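Peer 1: So I've got this file, coords-v7.csv, and it contains CSV, C-alpha atoms:
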chain,number,residue,atom,x,y,z
A,207,MET,CA,-20.7,38.0,-46.8
A,208,THR,CA,-22.9,39.9,-44.4
A,209,THR,CA,-22.8,43.7,-44.9
A,210,ALA,CA,-23.4,46.3,-42.2
A,211,ARG,CA,-26.8,48.1,-42.3
A,212,LYS,CA,-26.3,51.7,-43.2
A,213,THR,CA,-28.0,54.5,-41.2
A,214,VAL,CA,-28.4,58.0,-42.4
A,215,VAL,CA,-26.5,60.7,-40.4
A,216,SER,CA,-26.8,64.3,-41.6
A,217,GLY,CA,-27.6,63.2,-45.1
A,218,LYS,CA,-24.6,60.9,-45.3
A,219,ALA,CA,-24.8,57.1,-45.1
A,220,ALA,CA,-22.5,55.6,-42.5
A,221,PRO,CA,-22.6,52.5,-40.4
A,222,ARG,CA,-22.9,53.3,-36.7
A,223,THR,CA,-24.1,51.7,-33.5
A,224,LEU,CA,-27.7,52.4,-32.8
A,225,LYS,CA,-28.1,53.6,-29.2
A,226,THR,CA,-31.6,55.0,-28.8
A,227,PRO,CA,-35.2,53.9,-29.6
A,228,GLN,CA,-35.2,56.7,-32.2
A,229,ASP,CA,-32.1,55.2,-33.9
A,230,LEU,CA,-33.8,51.8,-34.0
A,231,GLY,CA,-37.0,53.3,-35.4
A,232,ALA,CA,-35.1,55.2,-38.1
A,233,ALA,CA,-33.3,52.0,-39.1
A,234,GLY,CA,-36.6,50.2,-39.4
A,235,LEU,CA,-35.9,47.9,-36.5
A,236,LEU,CA,-38.5,49.2,-34.0
A,237,PRO,CA,-42.2,49.6,-35.1
A,238,PRO,CA,-43.6,53.1,-34.3
A,239,GLU,CA,-46.2,51.5,-32.0
A,240,ARG,CA,-43.4,50.2,-29.8
A,241,LEU,CA,-41.4,53.5,-29.6
A,242,SER,CA,-43.0,54.7,-26.3
A,243,GLU,CA,-42.4,51.5,-24.4
A,244,ALA,CA,-38.9,51.3,-25.7
A,245,GLU,CA,-38.2,54.8,-24.5
A,246,ALA,CA,-39.4,53.7,-21.0
A,247,VAL,CA,-37.0,50.8,-21.1
A,248,ALA,CA,-34.2,53.1,-22.3
A,249,ARG,CA,-34.6,55.2,-19.2
A,250,ARG,CA,-33.6,52.2,-17.1
A,251,TYR,CA,-31.4,50.0,-19.3
A,252,ALA,CA,-28.7,50.7,-21.8
A,253,ILE,CA,-29.3,50.1,-25.6
A,254,ALA,CA,-26.7,49.5,-28.2
A,255,VAL,CA,-27.0,47.6,-31.5
A,256,THR,CA,-23.9,47.5,-33.7
A,257,PRO,CA,-24.0,47.6,-37.5
A,258,ALA,CA,-23.1,43.9,-37.7
A,259,ILE,CA,-26.0,42.9,-35.5
A,260,ALA,CA,-28.5,45.4,-37.1
A,261,ALA,CA,-27.7,43.8,-40.5
A,262,LEU,CA,-28.9,40.4,-39.2
A,263,ILE,CA,-32.3,41.6,-37.9
A,264,ASP,CA,-35.3,40.8,-40.1
A,265,PRO,CA,-37.6,43.8,-39.6
A,266,ASP,CA,-40.5,41.9,-41.1
A,267,ASP,CA,-40.3,39.1,-38.6
A,268,LEU,CA,-42.0,40.1,-35.3
A,269,ASP,CA,-40.3,37.1,-33.6
A,270,ASP,CA,-36.9,37.6,-35.1
A,271,PRO,CA,-34.4,35.8,-32.7
A,272,ILE,CA,-31.7,38.4,-33.2
A,273,ALA,CA,-34.0,41.4,-32.6
A,274,ARG,CA,-35.4,39.6,-29.5
A,275,GLN,CA,-31.9,39.6,-28.0
A,276,PHE,CA,-31.0,43.3,-28.6
A,277,VAL,CA,-34.1,45.5,-29.3
A,278,PRO,CA,-35.8,46.8,-26.2
A,279,ASP,CA,-39.1,45.3,-25.2
A,280,GLY,CA,-41.7,46.7,-22.8
A,281,ARG,CA,-41.8,43.4,-20.9
A,282,GLU,CA,-38.4,44.4,-19.5
A,283,LEU,CA,-40.2,46.6,-17.0
A,284,ILE,CA,-42.1,43.7,-15.5
A,285,VAL,CA,-40.1,42.5,-12.5
A,286,THR,CA,-41.2,39.2,-10.9
A,287,PRO,CA,-40.6,38.4,-7.1
A,288,GLN,CA,-37.9,35.9,-8.0
A,289,GLU,CA,-35.8,38.3,-10.0
A,290,ARG,CA,-32.9,40.2,-8.4
A,291,ALA,CA,-30.5,43.0,-9.3
A,292,ASP,CA,-27.5,40.8,-8.7
A,293,PRO,CA,-28.8,37.3,-9.6
A,294,ILE,CA,-25.6,35.4,-9.3
A,295,GLY,CA,-24.3,37.1,-6.2
A,296,ASP,CA,-21.2,39.0,-7.6
A,297,ALA,CA,-21.4,41.5,-4.7
A,298,ALA,CA,-21.2,38.8,-2.1
A,299,HIS,CA,-17.8,37.7,-3.4
A,300,SER,CA,-16.2,41.0,-4.3
A,301,PRO,CA,-13.4,41.7,-1.8
A,302,VAL,CA,-12.2,44.8,-3.7
A,303,LYS,CA,-13.8,46.8,-6.5
A,304,GLY,CA,-13.5,45.0,-9.9
A,305,ILE,CA,-12.7,41.5,-8.4
A,306,VAL,CA,-15.2,38.7,-7.9
A,307,HIS,CA,-13.6,35.7,-6.2
A,308,ARG,CA,-16.2,32.9,-6.0
A,309,TYR,CA,-14.0,29.9,-6.7
A,310,PRO,CA,-10.6,29.2,-5.0
A,311,ASP,CA,-8.4,29.1,-8.1
A,312,ARG,CA,-9.8,31.9,-10.3
A,313,VAL,CA,-11.2,35.4,-10.1
A,314,LEU,CA,-13.2,37.7,-12.3
A,315,LEU,CA,-11.5,41.0,-13.1
A,316,LYS,CA,-14.2,43.5,-14.2
A,317,ALA,CA,-12.1,46.3,-15.6
A,318,VAL,CA,-14.8,47.9,-17.6
A,319,HIS,CA,-18.6,48.0,-17.5
A,320,VAL,CA,-19.6,49.0,-21.0
A,321,CYS,CA,-20.4,46.7,-23.9
A,322,PRO,CA,-20.5,47.0,-27.7
A,323,VAL,CA,-24.1,45.7,-27.5
A,324,TYR,CA,-26.5,45.4,-24.6
A,325,CYS,CA,-28.4,42.1,-24.3
A,326,ARG,CA,-31.9,42.4,-23.1
A,327,PHE,CA,-31.5,39.3,-20.8
A,328,CYS,CA,-28.1,40.4,-19.3
A,329,PHE,CA,-27.6,39.2,-15.7
A,330,ARG,CA,-25.5,42.3,-15.0
A,331,ARG,CA,-27.9,44.7,-16.7
A,332,GLU,CA,-28.2,46.8,-13.5
A,333,MET,CA,-24.3,47.3,-13.5
A,334,VAL,CA,-23.4,47.8,-17.1
A,335,GLY,CA,-23.8,50.7,-19.5
A,336,PRO,CA,-23.0,54.4,-19.5
A,337,THR,CA,-24.6,54.8,-16.1
A,338,GLY,CA,-23.2,51.5,-14.7
A,339,ASP,CA,-20.3,50.8,-12.4
A,340,GLY,CA,-17.7,52.5,-14.7
A,341,THR,CA,-14.2,51.7,-15.7
A,342,LEU,CA,-11.7,50.9,-12.9
A,343,SER,CA,-9.4,53.8,-12.1
A,344,ALA,CA,-5.6,53.3,-12.0
A,345,ALA,CA,-5.8,53.1,-8.2
A,346,GLU,CA,-8.7,50.6,-8.3
A,347,LEU,CA,-6.9,48.4,-10.9
A,348,GLU,CA,-3.7,48.4,-8.7
A,349,ALA,CA,-5.8,47.3,-5.7
A,350,ALA,CA,-7.2,44.5,-7.8
A,351,PHE,CA,-3.7,43.4,-8.9
A,352,ALA,CA,-2.6,43.6,-5.2
A,353,TYR,CA,-5.4,41.2,-4.3
A,354,ILE,CA,-4.5,38.8,-7.0
A,355,ARG,CA,-0.8,38.9,-6.0
A,356,SER,CA,-1.6,38.2,-2.4
A,357,ARG,CA,-3.4,35.0,-3.1
A,358,PRO,CA,-1.1,32.3,-4.7
A,359,ASP,CA,-4.1,29.9,-5.2
A,360,ILE,CA,-5.3,32.2,-8.0
A,361,TRP,CA,-4.4,30.3,-11.2
A,362,GLU,CA,-6.8,32.0,-13.7
A,363,VAL,CA,-7.9,35.6,-14.2
A,364,ILE,CA,-11.1,36.1,-16.2
A,365,LEU,CA,-11.6,39.5,-17.8
A,366,THR,CA,-15.2,40.3,-18.0
A,367,GLY,CA,-17.5,43.2,-17.1
A,368,GLY,CA,-18.8,44.7,-19.4
A,369,ASP,CA,-16.9,43.5,-22.4
A,370,PRO,CA,-13.1,43.8,-22.0
A,371,LEU,CA,-12.6,43.8,-25.8
A,372,VAL,CA,-14.2,47.3,-26.0
A,373,LEU,CA,-11.0,48.6,-24.5
A,374,SER,CA,-8.3,49.9,-26.8
A,375,PRO,CA,-5.3,47.7,-27.5
A,376,ARG,CA,-3.1,50.1,-25.6
A,377,ARG,CA,-5.4,49.9,-22.5
A,378,LEU,CA,-5.7,46.1,-22.7
A,379,ALA,CA,-1.9,45.8,-23.0
A,380,GLU,CA,-1.5,48.0,-19.9
A,381,ILE,CA,-3.8,45.7,-17.9
A,382,LEU,CA,-2.2,42.6,-19.1
A,383,GLN,CA,1.3,43.9,-18.3
A,384,GLY,CA,0.0,44.0,-14.7
A,385,LEU,CA,-0.9,40.3,-14.8
A,386,LYS,CA,2.4,39.4,-16.5
A,387,ALA,CA,4.4,40.0,-13.3
A,388,ILE,CA,2.2,37.7,-11.2
A,389,GLU,CA,3.9,34.3,-11.4
A,390,HIS,CA,1.1,32.1,-10.0
A,391,VAL,CA,-1.4,33.4,-12.7
A,392,LYS,CA,-1.1,31.0,-15.6
A,393,ILE,CA,-4.3,31.5,-17.6
A,394,VAL,CA,-6.0,34.7,-18.8
A,395,ARG,CA,-9.5,34.4,-20.2
A,396,PHE,CA,-11.6,37.0,-21.9
A,397,HIS,CA,-15.4,36.9,-22.1
A,398,SER,CA,-16.6,38.8,-25.1
A,399,ARG,CA,-19.2,39.3,-27.8
A,400,VAL,CA,-16.9,41.4,-29.9
A,401,PRO,CA,-15.9,38.7,-32.5
A,402,VAL,CA,-19.6,38.4,-33.4
A,403,VAL,CA,-21.0,41.9,-32.9
A,404,ASP,CA,-18.0,43.9,-34.2
A,405,PRO,CA,-15.8,41.4,-36.0
A,406,GLN,CA,-13.6,44.0,-37.7
A,407,ALA,CA,-12.3,45.0,-34.2
A,408,ILE,CA,-10.5,41.7,-34.0
A,409,ASN,CA,-7.4,43.0,-35.7
A,410,ALA,CA,-3.6,42.5,-35.3
A,411,ALA,CA,-3.2,45.2,-32.7
A,412,LEU,CA,-6.0,43.8,-30.5
A,413,ILE,CA,-4.7,40.2,-30.8
A,414,ALA,CA,-1.2,41.3,-29.9
A,415,ALA,CA,-2.6,43.0,-26.8
A,416,LEU,CA,-4.6,39.9,-25.8
A,417,LYS,CA,-1.3,38.0,-25.6
A,418,GLU,CA,0.6,40.7,-23.8
A,419,SER,CA,0.5,38.9,-20.4
A,420,GLY,CA,2.6,36.1,-21.7
A,421,LYS,CA,0.1,33.6,-20.1
A,422,VAL,CA,-2.0,31.0,-21.9
A,423,THR,CA,-4.8,33.0,-23.4
A,424,TYR,CA,-8.4,32.0,-23.9
A,425,VAL,CA,-11.4,33.8,-25.4
A,426,ALA,CA,-14.9,32.8,-24.4
A,427,LEU,CA,-17.2,33.8,-27.3
A,428,HIS,CA,-20.8,34.6,-26.4
A,429,ALA,CA,-23.3,33.8,-29.2
A,430,ASN,CA,-26.9,32.5,-28.9
A,431,HIS,CA,-28.1,31.8,-32.5
A,432,PRO,CA,-26.5,30.3,-35.6
A,433,ARG,CA,-27.2,33.4,-37.6
A,434,GLU,CA,-24.7,35.3,-35.4
A,435,MET,CA,-21.9,33.2,-36.8
A,436,THR,CA,-21.6,35.1,-40.0
A,437,ASP,CA,-18.7,34.9,-42.4
A,438,GLU,CA,-17.2,37.9,-40.8
A,439,ALA,CA,-17.6,36.4,-37.3
A,440,ARG,CA,-16.0,33.2,-38.4
A,441,ALA,CA,-13.1,35.1,-39.9
A,442,ALA,CA,-12.6,37.0,-36.6
A,443,CYS,CA,-12.5,33.6,-34.8
A,444,ALA,CA,-10.0,32.4,-37.3
A,445,ARG,CA,-7.7,35.3,-36.7
A,446,LEU,CA,-7.8,34.6,-33.0
A,447,ALA,CA,-7.2,30.8,-33.4
A,448,ASP,CA,-4.4,31.4,-35.9
A,449,ALA,CA,-2.7,33.6,-33.3
A,450,GLY,CA,-2.7,30.6,-30.9
A,451,ILE,CA,-5.6,31.8,-28.8
A,452,THR,CA,-8.0,29.0,-27.7
A,453,LEU,CA,-11.7,29.8,-28.1
A,454,VAL,CA,-14.6,28.3,-26.1
A,455,SER,CA,-18.3,29.3,-26.3
A,456,GLN,CA,-20.9,30.6,-23.9
A,457,THR,CA,-24.6,30.5,-24.9
A,458,VAL,CA,-27.7,31.4,-22.9
A,459,LEU,CA,-30.8,29.2,-23.4
A,460,LEU,CA,-33.5,31.7,-24.2
A,461,LYS,CA,-37.2,31.3,-25.0
A,462,GLY,CA,-38.0,32.4,-28.5
A,463,VAL,CA,-34.3,32.6,-29.5
A,464,ASN,CA,-32.7,29.1,-29.3
A,465,ASP,CA,-35.0,26.9,-27.2
A,466,ASP,CA,-35.0,24.3,-29.9
A,467,SER,CA,-32.6,21.4,-30.3
A,468,VAL,CA,-32.2,22.0,-34.1
A,469,ILE,CA,-31.2,25.6,-33.6
A,470,LEU,CA,-28.8,24.8,-30.9
A,471,ALA,CA,-27.3,21.9,-32.9
A,472,ASP,CA,-26.7,24.4,-35.8
A,473,LEU,CA,-25.1,26.9,-33.4
A,474,MET,CA,-22.8,24.3,-31.8
A,475,ARG,CA,-21.7,23.0,-35.2
A,476,ALA,CA,-21.0,26.6,-36.3
A,477,PHE,CA,-18.8,27.0,-33.2
A,478,VAL,CA,-16.8,23.8,-33.9
A,479,GLU,CA,-16.4,24.7,-37.6
A,480,SER,CA,-15.0,28.0,-36.4
A,481,ARG,CA,-12.5,26.3,-33.9
A,482,VAL,CA,-14.6,27.4,-30.9
A,483,LYS,CA,-15.2,24.5,-28.4
A,484,PRO,CA,-18.7,24.5,-27.0
A,485,TYR,CA,-18.4,25.1,-23.3
A,486,TYR,CA,-21.4,26.4,-21.3
A,487,LEU,CA,-25.1,26.5,-22.1
A,488,HIS,CA,-26.5,28.7,-19.4
A,489,HIS,CA,-30.0,28.4,-17.9
A,490,PRO,CA,-31.2,32.1,-17.9
A,491,ASP,CA,-30.5,34.0,-14.8
A,492,LEU,CA,-33.1,35.7,-12.7
A,493,ALA,CA,-32.2,39.3,-13.8
A,494,PRO,CA,-34.9,42.0,-13.5
A,495,GLY,CA,-37.3,42.1,-16.4
A,496,THR,CA,-36.2,38.9,-18.1
A,497,SER,CA,-39.1,36.5,-17.4
A,498,HIS,CA,-40.2,36.5,-21.0
A,499,PHE,CA,-36.9,34.7,-21.8
A,500,SER,CA,-37.3,32.1,-19.1
A,501,LEU,CA,-38.1,28.4,-19.4
A,502,GLU,CA,-38.3,25.6,-17.0
A,503,ILE,CA,-35.2,23.5,-16.2
A,504,ALA,CA,-37.0,20.4,-17.4
A,505,GLU,CA,-37.5,22.0,-20.8
A,506,GLY,CA,-33.8,22.8,-21.0
A,507,GLN,CA,-32.9,19.3,-20.0
A,508,ALA,CA,-35.1,17.9,-22.7
A,509,ILE,CA,-33.4,20.1,-25.3
A,510,VAL,CA,-30.0,19.1,-24.1
A,511,ALA,CA,-31.0,15.4,-24.1
A,512,ALA,CA,-32.1,15.8,-27.7
A,513,LEU,CA,-28.6,16.9,-28.7
A,514,ARG,CA,-27.0,13.8,-27.2
A,515,GLY,CA,-26.1,11.3,-30.0
A,516,ARG,CA,-27.5,13.6,-32.7
A,517,ILE,CA,-24.4,15.8,-32.9
A,518,SER,CA,-20.7,15.1,-32.4
A,519,GLY,CA,-19.3,15.0,-28.9
A,520,LEU,CA,-17.2,17.9,-30.0
A,521,CYS,CA,-20.4,19.9,-30.2
A,522,GLN,CA,-21.9,19.2,-26.7
A,523,PRO,CA,-22.0,22.1,-24.2
A,524,THR,CA,-22.5,21.6,-20.5
A,525,TYR,CA,-25.9,22.8,-19.3
A,526,VAL,CA,-25.4,24.9,-16.2
A,527,LEU,CA,-27.3,26.9,-13.7
A,528,ASP,CA,-25.7,29.8,-11.8
A,529,ILE,CA,-27.2,29.3,-8.3
A,530,PRO,CA,-28.8,32.5,-7.1
A,531,GLY,CA,-27.0,34.1,-4.2
A,532,GLY,CA,-23.4,33.5,-5.3
A,533,TYR,CA,-23.1,29.8,-4.8
A,534,GLY,CA,-21.6,29.1,-8.2
A,535,LYS,CA,-22.5,27.0,-11.2
A,536,ALA,CA,-24.2,23.5,-11.1
A,537,ALA,CA,-24.4,21.1,-14.0
A,538,ILE,CA,-28.1,20.5,-14.5
A,539,GLY,CA,-28.2,18.3,-17.6
A,540,ALA,CA,-30.6,15.4,-17.1
A,541,SER,CA,-28.8,12.2,-16.0
A,542,ALA,CA,-28.7,9.3,-18.5
A,543,VAL,CA,-28.4,6.8,-15.7
A,544,ARG,CA,-30.6,5.6,-12.8
A,545,GLN,CA,-30.3,2.9,-10.2
A,546,ALA,CA,-32.5,-0.1,-11.0
A,547,ASP,CA,-34.2,-2.3,-8.3
A,548,ASP,CA,-31.9,-5.3,-9.0
A,549,GLY,CA,-28.7,-3.4,-8.2
A,550,CYS,CA,-27.9,-2.8,-11.9
A,551,TYR,CA,-28.3,0.5,-13.7
A,552,ALA,CA,-30.8,1.7,-16.3
A,553,VAL,CA,-28.9,3.8,-18.9
A,554,SER,CA,-30.8,5.8,-21.5
A,555,ASP,CA,-29.5,6.2,-25.1
A,556,TYR,CA,-30.0,9.3,-27.1
A,557,ARG,CA,-33.4,7.9,-28.4
A,558,GLY,CA,-34.6,7.7,-24.8
A,559,GLU,CA,-34.6,3.9,-24.7
A,560,GLU,CA,-33.3,2.3,-21.5
A,561,HIS,CA,-30.7,-0.5,-21.4
A,562,VAL,CA,-29.5,-2.5,-18.4
A,563,TYR,CA,-25.9,-2.2,-17.2
A,564,PRO,CA,-24.1,-4.4,-16.8
A,565,PRO,CA,-26.0,-6.5,-19.4
A,566,LYS,CA,-27.8,-9.6,-18.2
A,567,SER,CA,-26.0,-12.8,-18.9
A,568,SER,CA,-27.2,-14.6,-22.0
A,569,ALA,CA,-26.4,-18.0,-20.5
Give the structure from this file in structure tokens form.
Peer 2:
Amino acid sequence: MTTARKTVVSGKAAPRTLKTPQDLGAAGLLPPERLSEAEAVARRYAIAVTPAIAALIDPDDLDDPIARQFVPDGRELIVTPQERADPIGDAAHSPVKGIVHRYPDRVLLKAVHVCPVYCRFCFRREMVGPTGDGTLSAAELEAAFAYIRSRPDIWEVILTGGDPLVLSPRRLAEILQGLKAIEHVKIVRFHSRVPVVDPQAINAALIAALKESGKVTYVALHANHPREMTDEARAACARLADAGITLVSQTVLLKGVNDDSVILADLMRAFVESRVKPYYLHHPDLAPGTSHFSLEIAEGQAIVAALRGRISGLCQPTYVLDIPGGYGKAAIGASAVRQADDGCYAVSDYRGEEHVYPPKSSA
């Protein structure tokens, strides 16, 4: 079982979230020579590393894939011309505060803009954190509900932000009571890292709150490396699944973290073993200061192709790109089929070998 790293506070050992470069340095997770650059990053972007995540970081590994996701890096202050503050175009599809309505049958409801941890590659990094867009007021939340009520095509509401599971069970239940009265909403989905980064928070009170809407409830779990799927994280997933909540996964393909078919295969298997259906594998978004995580689409396609046939179909995610500017997601996995000159098709198997379809007659 993974145990939380202890940090010393006023002479007393206690697990706590690390929120400053000094905290990270004292915990042995940030070398002294990187303190100055981390302080510069902290002046622009939020930092938070929970005890569960701190315990996973190997301080002796300069390329530790967990540290790479959460410990600030001076390269975050390098912004390329392609990067943008709102890389997937949330603002262009936000008719009222807290709502993003990009697709006809579903909306995002961003009730809160803080997270238990802050990912160094986050596509909303300019909007989240203590100085971000903030939690919706009662009036703003009612305006969001009014928008949803006025549009009967909205079938699904996706709570994101920020991480909605940082809200107290009482506050979550209040929000979901508002959705309960909207008949045409049938599905409520939560996007969260909490089961991985703070698994003990997935308790009976929180689970009851998640089901307060009376709708079909999904949780989309975000994890990027198999080491994140600890015994505690798997137990948190089990508590959700046992309560009748369906789990799906979201993973971002990140250079130096999981850009390897073996690592991704291990992660996808860990999801399925935990009753989490692999859902999306995201190509990294063009958020400011994230170019050190980027890889070419062709590299991602090769990694995804290497998964095909080597792991169960239950373990296959859909490789997607969120088109910059607010145009939505596109599936970008390499096609296994191409038109041949004779009117037939050439179909590649998982080894990369091509076969003619339909097969040539043996007569």
Peer 1: When you count only C-alpha atoms, which of these residues is closest to A:Val394: A:Ile381, A:Val277, A:Ile364, A:Ala261?
Peer 2: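 Checking each candidate against A:Val394, we get A:Ile364 as the closest.
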Peer 1: Can you tell me how far atom CA of A:Gly340 sits from atom CA of A:Asp311, in Å to one decimal?
Peer 2: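 Result for atom CA of A:Gly340 versus atom CA of A:Asp311: 26.0 Å, one decimal.
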Peer 1: Taking only C-alpha atoms into account, name the residue in A:Gly234, A:Gly462, A:Pro490, A:Gly539 that is nearest to A:Asp270.
Peer 2: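 Residue with the minimum atom-to-atom distance to A:Asp270: A:Gly462.
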Peer 1: May I ask which of the residues A:Ile284, A:Ile360, A:Thr256, A:Arg377 is the closest one to A:Cys321, counting only C-alpha atoms?
Peer 2: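 Closest candidate: A:Thr256.
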Peer 1: Between atom CA of A:Ala447 and atom CA of A:Pro405, measure the distance and give it in Å to one decimal.
Peer 2: 13.9 Å
Peer 1: Point out the residue among A:Gln275, A:Asn409, A:Thr341, A:Gln507 with the least atom-to-atom distance to A:Ile538, counting all atoms listed in the file.
Peer 2: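 Between A:Gln275, A:Asn409, A:Thr341, A:Gln507, the residue approaching A:Ile538 most closely is A:Gln507.
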Peer 1: Pick out the closest residue to A:Gly367 from this set: A:Pro322, A:Gly384, A:Pro287, A:Pro564. Count only C-alpha atoms.
Peer 2: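 Closest to A:Gly367, using only C-alpha atoms: A:Pro322.
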